[in-house]
Amino acid sequence: MSEKKLRALFAILLLGASALLGVIIFVVVNLLNGAKLLPTAASVYLAFLAYLGSVLLSLGISVTVNARANLVRTKAWLRSLFGSDEQYVEDDAALLGKLNRLRKKAEDGTVPLLLGLAVKTNAGGTLNSLGTAFTYSVNELLLERVKAAFGLDPTFHLFIDHNNNYILYFNASNVDDQLDSFRKFAFTLTESIERRDDIPYVAFLLSAHPIEAKEKPSDALEKTIFALWHNASSRISCDLLVYDQSMLAENARMKELDSEITRALANEELVIYYQAKYSLKKNAFYGAEALIRWKHPKRGLLPPAVFIPYCENSGKIVEIDHYVFEHVCADIEKWNKEKRRKVVISVNLSRRSVYDPSLISFLSDTMKKHNVDPTSIDMELTESLAANNTVFISSIIRKVKGLGFATSIDDFGVGYSSLSSLKNIPFDVLKIDKSFVDDVEVDAKSKAMVLSIISLAHALGMKVIAEGVETEHQSDILRSLDLDSIQGYYYSRPSDRAHFEAYLEDNPFEKKESPKRKEARIAYDPIRR
Amino acid sequence: MILFVGESEDSILYFVSRCEISSQERLSEGRILYKGTIGSEQIGICAVGPNNLYSAMVTDRLIHLLDPYIVINVGYCASMKDSLRQGDLFIADRYYLSGVDFSGDGENQYGQIPGLPPFFYASTEVNAKAEAASYEVGGGHYIERGFMLSGEKEYMDKEEFDGILLRHFAGSTKVSAYDTVSGGIALACHVNSTALLTLKVIAYEPGNDEQRLNYRRKGLEAMPDIGRILLNILLNSEKM
């Protein structure tokens with residue numbers, strides 16, 4: 001019988017035993033109840049608790065047994081490769097003792113060097129999060145490669161802790177050379193992993209710390225592991241960090257920012273700003289893009305550039321996307337109740353949100369909760385996101401459109417594979433990036449490119465909007481190129497909800513201007529003069 | 001969610017045995033739908049053959065049931081050109097239906113259903129990834145991308161294939177392989193706007209009588225290589 005079947009059988013036996021135990025307790029409790037010792041509700045409650053407890057216990061035992069089985073296999077593999085399994089260190093005290101002994105043996109002219117190696121999954125988790133089977137496969141490969149690469153170095157010692165952090169000890173005569181060979185080793189490891197068909201793609205985090213003369217081994221080990229996992233979510237594979245004191249300060253800053261953002265979300269410190277969009281065909285405002293700002297209690301109004309990059313790395317961006325969408329829906333609901341003008345609000349979707357399996361159900365549930373017509377919302381994806389994994393993104397966009405939302409491709413023209421995205425993904429609106437608009441007045445190439453993009457998008461049945469329009473002259477040129485709409489400071493700056501509502505009610509662009517007044521205004525326009 | 005389909009249980013056997021299967025469900029058409037995971041990706045696996053009618057019907061049902069973002073079609077097919085030999089791998093860029101002729105004169109160029117495009121096409125991006133992975137971990141098989149012709153009849157003679165090519169495709173050399181299920185799968189994917197990747201092994205060279213006895217076995221032999229290629233793509237990329 002295979003190991004997999006044995007484990008399944010074991011799990012079934014445990015569940016069966018727990019069910020039997022639950023039934024016995026149920027019978028006993030009912031007997032007590034028959035003797036009028038317990039009220040009926042209490043007997044049912046106790047029996048249920050007993051059953052639940054025994055099921056949880058059996059699941060816990062099953063998980064522990066699986067992890068233990070994996071550990072036994074890893075140790076057996078260590079013995080077959082290294083002749084003993086003492087490299088696997090189950091408690092820190094034993095590891096520190098070994099490190100101390102090794103450092104005392106270090107020859108003069110060499111530097112005791114600690115190198116860290118850890119595995120990070122695609123989702124940013126540790127090796128253990130892949131499950132026991134994959135963990136064993138990765139450990140097996142790693143141990144084999146570590147032995148092949150460093151096994152002949154007499155000063156090399158390997159330790160693996162219970163979190164599957166690999167600590168490599170060397171007495172290095174040249175630290176830089178040792179770090180170079182460690183990097184090269186990690187690159188070959190990445191290639192090996194890519195060729196394996198039984199292991200998901202994983203990234204390798206590397207760290208290094210030369211032990212100083214009077215440094216305690218415990219401190220050295222702590223620093224190596226700290227550098228190993230420092231800023232792990234935003235590091236690429238084979239990125240080697242040598243421990244530095246400034247990492248502590250950076251880490252403290254990140255932790256503070258993280259807790260501040262959590263607080264900001266809870267206290268509604270993040271506010272939605274709206275930047276109105278102007279239709280050149282209807283000569284009226286028809287919508288807006290929802291943008292986020294942080295009303296920090298101490299630092300004032302913060303732009304997204306201050307906190308969004310951190311949120312994208314840490315995964316908080318999904319919460320922020322949900323926050324924005326929820327608030328936009330609430331605002332639209334309010335405007336509907338107040339019978340205000342119907343506008344289409346664009347909401348940005350981040351990369352992490354697009355890959356979030358709960359995205360579609362969240363959008364659908366929130367929309368229904370606020371009784372919002374989906375045609376009032378336009379979901380924006382950046383071009384760089386659309387250019388990657390078009391098959392998957394295309395299926396998500398179809399589902400989003402299936403809910404009734406419009407979809408836009410944002411920042412068009414600055415990424416790569418733009419045309420491929422346009423062909424494969426059914427967007428409704430194309431937003432030309434600001435970089436094409438900036439010099440459209442003076443650069444014939446920019447003008448020609450904008451004209452071509454507009455013609456192409458129209459041929460594909462899409463509307464086109466230009467971002468970053470700041471002057472009337474730019475607006476006039478874009479109008480002459482048959483552009484559909486404009487978003488930019490010339491027509492509207494981002495403003496909070498109250499100002500946006502007031503601006504839609506009263507703005508200079510939707511009022512009919514007398515020819516005399518227009519002539520006077522143009523005469524004083526420094527760009528047109 | 002990714003859906004793996006093949007013409008028979010043999011074609012999908014490798015995936016059923018290599019993936020973490022969590023449940024099995026018997027569909028009303030008598031097919032077994034296996035559900036499970038590869039890495040962190042949810043998958044469904046089902047045999048949808050033996051012919052285009054069944055494959056279209058079952059694949060359409062599975063797409064509605066599972067909502068996959070891509071369908072991966074595996075199995076074996078016959079070669080339609082001399083350069084593709086038994087054991088070679090084939091990636092379909094286009095899918096043509098054979099034996100469908102509404103022209104009235106038997107000379108319909110493509111043999112396609114009225115109201116539908118003359119052929120169905122695959123995602124070039126995914127095909128390119130599959131081709132690259134085939135060279136990387138494909139076990140040394142010769143790999144070719146081309147057009148798949150799909151019909152309701154198992155041809156054994158080379159003359160019959162050549163006749164089809166001359167009559168309907170002006171002797172095009174891009175029409176490289178023939179099977180009896182991919183057309184239906186491509187039709188179901190087309191109407192549901194779902195991406196399709198077809199990676200099959202050439203199991204039979206028409207006119208080669210010796211292969212009539214061993215073509216199913218030869219098809220099965222290459223399944224681990226096909227599985228390795230697809231698992232390589234799936235495990236190495238976040239999403240296709």
# chains A, B, ... in the order shown; residues from 1 in each chain; ligands from 1
>>> interface_residues(of="chain A", to="chain B", cutoff="9 Å", atoms="only C-alpha atoms", output="number ranges by chain")
A: 122, 130, 134, 193-202, 355, 388-396, 398, 424
>>> write_last_selection(atoms="N, CA, C and O atoms", output="compact mmCIF listing (two decimals), in the first residue's frame")
# COMPACT_ATOMS: atom_id res chain seq x y z
N ASN A 122 5.72 31.60 -4.49
CA ASN A 122 5.14 32.65 -5.34
C ASN A 122 4.22 33.58 -4.57
O ASN A 122 4.14 34.77 -4.84
N LEU A 130 3.96 25.23 1.35
CA LEU A 130 3.70 24.44 0.14
C LEU A 130 3.10 23.07 0.45
O LEU A 130 2.67 22.37 -0.45
N PHE A 134 5.68 18.82 -1.17
CA PHE A 134 6.54 19.75 -1.89
C PHE A 134 7.74 20.16 -1.02
O PHE A 134 8.84 20.33 -1.51
N ILE A 193 15.35 24.23 -10.36
CA ILE A 193 13.95 24.22 -9.92
C ILE A 193 13.03 24.43 -11.12
O ILE A 193 11.99 23.79 -11.25
N GLU A 194 13.44 25.33 -12.03
CA GLU A 194 12.59 25.62 -13.19
C GLU A 194 12.42 24.39 -14.07
O GLU A 194 11.42 24.25 -14.77
N ARG A 195 13.43 23.52 -14.06
CA ARG A 195 13.35 22.33 -14.93
C ARG A 195 12.55 21.20 -14.29
O ARG A 195 12.20 20.25 -14.96
N ARG A 196 12.30 21.31 -12.99
CA ARG A 196 11.59 20.21 -12.32
C ARG A 196 10.09 20.34 -12.57
O ARG A 196 9.53 21.43 -12.50
N ASP A 197 9.44 19.22 -12.84
CA ASP A 197 8.00 19.29 -13.09
C ASP A 197 7.19 18.89 -11.86
O ASP A 197 5.98 18.81 -11.91
N ASP A 198 7.88 18.62 -10.73
CA ASP A 198 7.12 18.22 -9.55
C ASP A 198 7.22 19.24 -8.42
O ASP A 198 6.80 18.99 -7.31
N ILE A 199 7.80 20.42 -8.74
CA ILE A 199 7.96 21.45 -7.71
C ILE A 199 7.45 22.77 -8.28
O ILE A 199 7.84 23.16 -9.37
N PRO A 200 6.60 23.46 -7.55
CA PRO A 200 6.17 24.78 -8.04
C PRO A 200 7.35 25.75 -8.05
O PRO A 200 8.32 25.55 -7.32
N TYR A 201 7.25 26.80 -8.85
CA TYR A 201 8.34 27.77 -8.90
C TYR A 201 8.50 28.43 -7.53
O TYR A 201 7.53 28.88 -6.94
N VAL A 202 9.72 28.44 -7.03
CA VAL A 202 10.00 29.12 -5.76
C VAL A 202 11.20 30.04 -5.95
O VAL A 202 12.01 29.84 -6.84
N TYR A 355 -5.53 38.98 -9.17
CA TYR A 355 -5.24 37.57 -8.91
C TYR A 355 -5.96 37.05 -7.67
O TYR A 355 -5.82 35.89 -7.32
N ASN A 388 0.85 41.18 -19.25
CA ASN A 388 1.30 39.88 -18.73
C ASN A 388 0.12 38.94 -18.62
O ASN A 388 -0.96 39.35 -18.22
N ASN A 389 0.34 37.70 -18.91
CA ASN A 389 -0.68 36.66 -18.71
C ASN A 389 -2.02 37.05 -19.34
O ASN A 389 -3.05 37.06 -18.67
N THR A 390 -2.00 37.38 -20.62
CA THR A 390 -3.22 37.89 -21.26
C THR A 390 -4.37 36.90 -21.19
O THR A 390 -5.52 37.32 -21.12
N VAL A 391 -4.06 35.60 -21.22
CA VAL A 391 -5.15 34.61 -21.21
C VAL A 391 -5.93 34.71 -19.90
O VAL A 391 -7.16 34.76 -19.89
N PHE A 392 -5.19 34.78 -18.79
CA PHE A 392 -5.86 34.85 -17.49
C PHE A 392 -6.56 36.20 -17.31
O PHE A 392 -7.72 36.27 -16.90
N ILE A 393 -5.84 37.29 -17.64
CA ILE A 393 -6.41 38.63 -17.46
C ILE A 393 -7.67 38.77 -18.32
O ILE A 393 -8.68 39.33 -17.90
N SER A 394 -7.60 38.21 -19.53
CA SER A 394 -8.74 38.28 -20.43
C SER A 394 -9.95 37.59 -19.79
O SER A 394 -11.08 38.09 -19.87
N SER A 395 -9.73 36.44 -19.14
CA SER A 395 -10.87 35.74 -18.54
C SER A 395 -11.44 36.55 -17.37
O SER A 395 -12.66 36.60 -17.17
N ILE A 396 -10.56 37.23 -16.62
CA ILE A 396 -11.04 38.07 -15.50
C ILE A 396 -11.84 39.26 -16.03
O ILE A 396 -12.92 39.58 -15.52
N ARG A 398 -13.47 39.46 -18.78
CA ARG A 398 -14.77 38.99 -19.28
C ARG A 398 -15.75 38.82 -18.11
O ARG A 398 -16.93 39.13 -18.23
N ASN A 424 -6.38 40.91 -27.50
CA ASN A 424 -6.86 39.74 -26.75
C ASN A 424 -7.82 40.06 -25.61
O ASN A 424 -8.56 39.19 -25.18
>>> residues_around(residues="range 166-178 of chain B", least_positions_apart="5", cutoff="6 Å", atoms="only C-alpha atoms", output="list in words")
Cys77, Ala78, Ser79, Met80, Lys81, Gln109, Tyr110, Gly146, Phe147, Met148, Leu149 and Ser150 of chain B
>>> write_last_selection(atoms="all heavy atoms", output="PDB file, in the first residue's frame")
ATOM      1  N   CYS B  77      -2.835  12.171 -31.959  1.00  0.00           N
ATOM      2  CA  CYS B  77      -3.436  12.516 -33.250  1.00  0.00           C
ATOM      3  C   CYS B  77      -2.612  11.864 -34.366  1.00  0.00           C
ATOM      4  O   CYS B  77      -1.557  11.275 -34.103  1.00  0.00           O
ATOM      5  CB  CYS B  77      -3.486  14.033 -33.428  1.00  0.00           C
ATOM      6  SG  CYS B  77      -1.895  14.842 -33.245  1.00  0.00           S
ATOM      7  N   ALA B  78      -3.103  12.017 -35.582  1.00  0.00           N
ATOM      8  CA  ALA B  78      -2.404  11.429 -36.734  1.00  0.00           C
ATOM      9  C   ALA B  78      -1.661  12.524 -37.482  1.00  0.00           C
ATOM     10  O   ALA B  78      -2.085  13.684 -37.494  1.00  0.00           O
ATOM     11  CB  ALA B  78      -3.407  10.760 -37.660  1.00  0.00           C
ATOM     12  N   SER B  79      -0.569  12.148 -38.115  1.00  0.00           N
ATOM     13  CA  SER B  79       0.206  13.122 -38.894  1.00  0.00           C
ATOM     14  C   SER B  79      -0.432  13.311 -40.266  1.00  0.00           C
ATOM     15  O   SER B  79      -0.988  12.378 -40.840  1.00  0.00           O
ATOM     16  CB  SER B  79       1.627  12.591 -39.046  1.00  0.00           C
ATOM     17  OG  SER B  79       2.258  13.226 -40.122  1.00  0.00           O
ATOM     18  N   MET B  80      -0.382  14.519 -40.805  1.00  0.00           N
ATOM     19  CA  MET B  80      -0.877  14.750 -42.157  1.00  0.00           C
ATOM     20  C   MET B  80       0.245  15.156 -43.098  1.00  0.00           C
ATOM     21  O   MET B  80      -0.019  15.549 -44.227  1.00  0.00           O
ATOM     22  CB  MET B  80      -1.962  15.833 -42.150  1.00  0.00           C
ATOM     23  CG  MET B  80      -3.274  15.338 -41.562  1.00  0.00           C
ATOM     24  SD  MET B  80      -4.598  16.513 -41.774  1.00  0.00           S
ATOM     25  CE  MET B  80      -5.037  16.282 -43.478  1.00  0.00           C
ATOM     26  N   LYS B  81       1.467  15.148 -42.646  1.00  0.00           N
ATOM     27  CA  LYS B  81       2.580  15.499 -43.520  1.00  0.00           C
ATOM     28  C   LYS B  81       3.789  14.626 -43.207  1.00  0.00           C
ATOM     29  O   LYS B  81       3.929  14.122 -42.087  1.00  0.00           O
ATOM     30  CB  LYS B  81       2.909  16.990 -43.415  1.00  0.00           C
ATOM     31  CG  LYS B  81       3.315  17.438 -42.033  1.00  0.00           C
ATOM     32  CD  LYS B  81       3.257  18.928 -41.908  1.00  0.00           C
ATOM     33  CE  LYS B  81       4.597  19.536 -42.237  1.00  0.00           C
ATOM     34  NZ  LYS B  81       4.646  20.957 -41.853  1.00  0.00           N
ATOM     35  N   GLN B 109     -14.002  25.406 -49.357  1.00  0.00           N
ATOM     36  CA  GLN B 109     -12.557  25.478 -49.131  1.00  0.00           C
ATOM     37  C   GLN B 109     -12.152  25.021 -47.733  1.00  0.00           C
ATOM     38  O   GLN B 109     -11.150  24.357 -47.547  1.00  0.00           O
ATOM     39  CB  GLN B 109     -12.064  26.902 -49.383  1.00  0.00           C
ATOM     40  CG  GLN B 109     -10.548  26.953 -49.443  1.00  0.00           C
ATOM     41  CD  GLN B 109     -10.042  28.358 -49.571  1.00  0.00           C
ATOM     42  OE1 GLN B 109     -10.824  29.288 -49.701  1.00  0.00           O
ATOM     43  NE2 GLN B 109      -8.738  28.506 -49.544  1.00  0.00           N
ATOM     44  N   TYR B 110     -12.945  25.443 -46.735  1.00  0.00           N
ATOM     45  CA  TYR B 110     -12.532  25.132 -45.370  1.00  0.00           C
ATOM     46  C   TYR B 110     -13.390  24.081 -44.691  1.00  0.00           C
ATOM     47  O   TYR B 110     -12.995  23.540 -43.681  1.00  0.00           O
ATOM     48  CB  TYR B 110     -12.587  26.405 -44.506  1.00  0.00           C
ATOM     49  CG  TYR B 110     -11.626  27.466 -44.950  1.00  0.00           C
ATOM     50  CD1 TYR B 110     -12.104  28.668 -45.420  1.00  0.00           C
ATOM     51  CD2 TYR B 110     -10.263  27.254 -44.908  1.00  0.00           C
ATOM     52  CE1 TYR B 110     -11.235  29.652 -45.834  1.00  0.00           C
ATOM     53  CE2 TYR B 110      -9.393  28.234 -45.320  1.00  0.00           C
ATOM     54  CZ  TYR B 110      -9.871  29.424 -45.782  1.00  0.00           C
ATOM     55  OH  TYR B 110      -9.017  30.399 -46.187  1.00  0.00           O
ATOM     56  N   GLY B 146       1.328  23.907 -35.853  1.00  0.00           N
ATOM     57  CA  GLY B 146       0.659  23.920 -37.149  1.00  0.00           C
ATOM     58  C   GLY B 146      -0.846  23.925 -36.979  1.00  0.00           C
ATOM     59  O   GLY B 146      -1.344  24.262 -35.900  1.00  0.00           O
ATOM     60  N   PHE B 147      -1.553  23.566 -38.036  1.00  0.00           N
ATOM     61  CA  PHE B 147      -3.016  23.580 -37.989  1.00  0.00           C
ATOM     62  C   PHE B 147      -3.537  22.165 -37.759  1.00  0.00           C
ATOM     63  O   PHE B 147      -3.040  21.213 -38.350  1.00  0.00           O
ATOM     64  CB  PHE B 147      -3.593  24.122 -39.299  1.00  0.00           C
ATOM     65  CG  PHE B 147      -3.089  25.508 -39.665  1.00  0.00           C
ATOM     66  CD1 PHE B 147      -3.193  25.960 -40.973  1.00  0.00           C
ATOM     67  CD2 PHE B 147      -2.528  26.347 -38.713  1.00  0.00           C
ATOM     68  CE1 PHE B 147      -2.735  27.228 -41.317  1.00  0.00           C
ATOM     69  CE2 PHE B 147      -2.073  27.606 -39.045  1.00  0.00           C
ATOM     70  CZ  PHE B 147      -2.173  28.049 -40.353  1.00  0.00           C
ATOM     71  N   MET B 148      -4.568  22.074 -36.949  1.00  0.00           N
ATOM     72  CA  MET B 148      -5.185  20.770 -36.646  1.00  0.00           C
ATOM     73  C   MET B 148      -6.473  20.633 -37.454  1.00  0.00           C
ATOM     74  O   MET B 148      -7.314  21.528 -37.455  1.00  0.00           O
ATOM     75  CB  MET B 148      -5.494  20.708 -35.149  1.00  0.00           C
ATOM     76  CG  MET B 148      -6.305  19.521 -34.699  1.00  0.00           C
ATOM     77  SD  MET B 148      -5.336  18.019 -34.682  1.00  0.00           S
ATOM     78  CE  MET B 148      -4.600  18.108 -33.062  1.00  0.00           C
ATOM     79  N   LEU B 149      -6.602  19.529 -38.144  1.00  0.00           N
ATOM     80  CA  LEU B 149      -7.856  19.218 -38.840  1.00  0.00           C
ATOM     81  C   LEU B 149      -8.586  18.188 -37.992  1.00  0.00           C
ATOM     82  O   LEU B 149      -7.972  17.232 -37.509  1.00  0.00           O
ATOM     83  CB  LEU B 149      -7.542  18.651 -40.225  1.00  0.00           C
ATOM     84  CG  LEU B 149      -8.747  18.374 -41.128  1.00  0.00           C
ATOM     85  CD1 LEU B 149      -9.456  19.668 -41.502  1.00  0.00           C
ATOM     86  CD2 LEU B 149      -8.312  17.642 -42.381  1.00  0.00           C
ATOM     87  N   SER B 150      -9.880  18.394 -37.821  1.00  0.00           N
ATOM     88  CA  SER B 150     -10.604  17.510 -36.926  1.00  0.00           C
ATOM     89  C   SER B 150     -11.871  17.026 -37.596  1.00  0.00           C
ATOM     90  O   SER B 150     -12.662  17.830 -38.097  1.00  0.00           O
ATOM     91  CB  SER B 150     -10.932  18.283 -35.646  1.00  0.00           C
ATOM     92  OG  SER B 150     -11.269  17.409 -34.635  1.00  0.00           O
TER      93      SER B 150
END
>>> residues_around(residues="Asp88 in chain B", least_positions_apart="3", cutoff="7 Å", atoms="only C-alpha atoms", output="number ranges by chain")
B: 84-85, 141-143, 201-202
>>> residues_around(residues="Lys158 in chain B", least_positions_apart="5", cutoff="9 Å", atoms="only C-alpha atoms", output="list in words")
Met80, Gly163, Glu205, Pro206, Gly207 and Asn208 of chain B
>>> write_last_selection(atoms="C-alpha atoms", output="PDB file, in the first residue's frame")
ATOM      1  CA  MET B  80      -0.877  14.750 -42.157  1.00  0.00           C
ATOM      2  CA  GLY B 163      -7.106  14.257 -51.117  1.00  0.00           C
ATOM      3  CA  GLU B 205       1.454   8.160 -39.746  1.00  0.00           C
ATOM      4  CA  PRO B 206      -1.189   7.407 -42.405  1.00  0.00           C
ATOM      5  CA  GLY B 207      -0.246   4.626 -44.740  1.00  0.00           C
ATOM      6  CA  ASN B 208       2.184   3.108 -42.270  1.00  0.00           C
TER       7      ASN B 208
END
>>> residues_around(residues="Ile453 in chain A", least_positions_apart="3", cutoff="9 Å", atoms="only C-alpha atoms", output="count of residues only")
9
>>> residues_around(residues="Lys431 in chain A", least_positions_apart="6", cutoff="7 Å", atoms="only C-alpha atoms", output="list of chain:residue names")
A:Ile409, A:Asp410, A:Asp411, A:Phe412, A:Val464, A:Ile465, A:Ala466, A:Glu467
>>> write_last_selection(atoms="all heavy atoms", output="PDB file, in the first residue's frame")
ATOM      1  N   ILE A 409      -8.241  50.178 -20.190  1.00  0.00           N
ATOM      2  CA  ILE A 409      -6.809  49.906 -20.112  1.00  0.00           C
ATOM      3  C   ILE A 409      -6.128  51.251 -19.836  1.00  0.00           C
ATOM      4  O   ILE A 409      -6.281  52.211 -20.598  1.00  0.00           O
ATOM      5  CB  ILE A 409      -6.279  49.191 -21.375  1.00  0.00           C
ATOM      6  CG1 ILE A 409      -4.785  48.913 -21.259  1.00  0.00           C
ATOM      7  CG2 ILE A 409      -6.609  49.927 -22.657  1.00  0.00           C
ATOM      8  CD1 ILE A 409      -4.262  47.920 -22.277  1.00  0.00           C
ATOM      9  N   ASP A 410      -5.424  51.296 -18.707  1.00  0.00           N
ATOM     10  CA  ASP A 410      -4.848  52.552 -18.213  1.00  0.00           C
ATOM     11  C   ASP A 410      -3.401  52.697 -18.691  1.00  0.00           C
ATOM     12  O   ASP A 410      -2.744  51.700 -19.009  1.00  0.00           O
ATOM     13  CB  ASP A 410      -4.883  52.501 -16.671  1.00  0.00           C
ATOM     14  CG  ASP A 410      -4.807  53.877 -16.055  1.00  0.00           C
ATOM     15  OD1 ASP A 410      -4.755  54.865 -16.810  1.00  0.00           O
ATOM     16  OD2 ASP A 410      -4.789  53.967 -14.814  1.00  0.00           O
ATOM     17  N   ASP A 411      -2.906  53.919 -18.722  1.00  0.00           N
ATOM     18  CA  ASP A 411      -1.498  54.205 -19.061  1.00  0.00           C
ATOM     19  C   ASP A 411      -1.083  53.578 -20.386  1.00  0.00           C
ATOM     20  O   ASP A 411       0.027  53.038 -20.518  1.00  0.00           O
ATOM     21  CB  ASP A 411      -0.541  53.685 -17.961  1.00  0.00           C
ATOM     22  CG  ASP A 411      -0.840  54.279 -16.603  1.00  0.00           C
ATOM     23  OD1 ASP A 411      -1.445  55.359 -16.581  1.00  0.00           O
ATOM     24  OD2 ASP A 411      -0.487  53.678 -15.588  1.00  0.00           O
ATOM     25  N   PHE A 412      -1.976  53.593 -21.373  1.00  0.00           N
ATOM     26  CA  PHE A 412      -1.671  52.912 -22.633  1.00  0.00           C
ATOM     27  C   PHE A 412      -0.496  53.583 -23.350  1.00  0.00           C
ATOM     28  O   PHE A 412      -0.454  54.806 -23.485  1.00  0.00           O
ATOM     29  CB  PHE A 412      -2.893  52.910 -23.562  1.00  0.00           C
ATOM     30  CG  PHE A 412      -2.663  52.135 -24.824  1.00  0.00           C
ATOM     31  CD1 PHE A 412      -2.806  50.761 -24.839  1.00  0.00           C
ATOM     32  CD2 PHE A 412      -2.262  52.768 -25.978  1.00  0.00           C
ATOM     33  CE1 PHE A 412      -2.572  50.034 -25.978  1.00  0.00           C
ATOM     34  CE2 PHE A 412      -2.025  52.054 -27.135  1.00  0.00           C
ATOM     35  CZ  PHE A 412      -2.175  50.686 -27.133  1.00  0.00           C
ATOM     36  N   VAL A 464     -11.792  56.516 -26.429  1.00  0.00           N
ATOM     37  CA  VAL A 464     -10.424  56.909 -26.065  1.00  0.00           C
ATOM     38  C   VAL A 464     -10.460  58.140 -25.166  1.00  0.00           C
ATOM     39  O   VAL A 464     -11.203  59.101 -25.440  1.00  0.00           O
ATOM     40  CB  VAL A 464      -9.584  57.229 -27.322  1.00  0.00           C
ATOM     41  CG1 VAL A 464      -8.124  57.411 -26.932  1.00  0.00           C
ATOM     42  CG2 VAL A 464      -9.705  56.135 -28.345  1.00  0.00           C
ATOM     43  N   ILE A 465      -9.666  58.080 -24.113  1.00  0.00           N
ATOM     44  CA  ILE A 465      -9.577  59.211 -23.199  1.00  0.00           C
ATOM     45  C   ILE A 465      -8.093  59.538 -23.011  1.00  0.00           C
ATOM     46  O   ILE A 465      -7.265  58.640 -22.972  1.00  0.00           O
ATOM     47  CB  ILE A 465     -10.287  58.880 -21.854  1.00  0.00           C
ATOM     48  CG1 ILE A 465     -10.187  60.040 -20.887  1.00  0.00           C
ATOM     49  CG2 ILE A 465      -9.777  57.638 -21.207  1.00  0.00           C
ATOM     50  CD1 ILE A 465     -11.158  59.914 -19.726  1.00  0.00           C
ATOM     51  N   ALA A 466      -7.783  60.827 -22.949  1.00  0.00           N
ATOM     52  CA  ALA A 466      -6.385  61.232 -22.763  1.00  0.00           C
ATOM     53  C   ALA A 466      -6.192  61.714 -21.335  1.00  0.00           C
ATOM     54  O   ALA A 466      -7.028  62.448 -20.795  1.00  0.00           O
ATOM     55  CB  ALA A 466      -6.019  62.337 -23.741  1.00  0.00           C
ATOM     56  N   GLU A 467      -5.088  61.278 -20.736  1.00  0.00           N
ATOM     57  CA  GLU A 467      -4.780  61.681 -19.355  1.00  0.00           C
ATOM     58  C   GLU A 467      -3.796  62.846 -19.376  1.00  0.00           C
ATOM     59  O   GLU A 467      -3.016  62.998 -20.321  1.00  0.00           O
ATOM     60  CB  GLU A 467      -4.111  60.529 -18.603  1.00  0.00           C
ATOM     61  CG  GLU A 467      -4.983  59.331 -18.375  1.00  0.00           C
ATOM     62  CD  GLU A 467      -4.227  58.201 -17.699  1.00  0.00           C
ATOM     63  OE1 GLU A 467      -3.225  57.720 -18.247  1.00  0.00           O
ATOM     64  OE2 GLU A 467      -4.651  57.813 -16.610  1.00  0.00           O
TER      65      GLU A 467
END
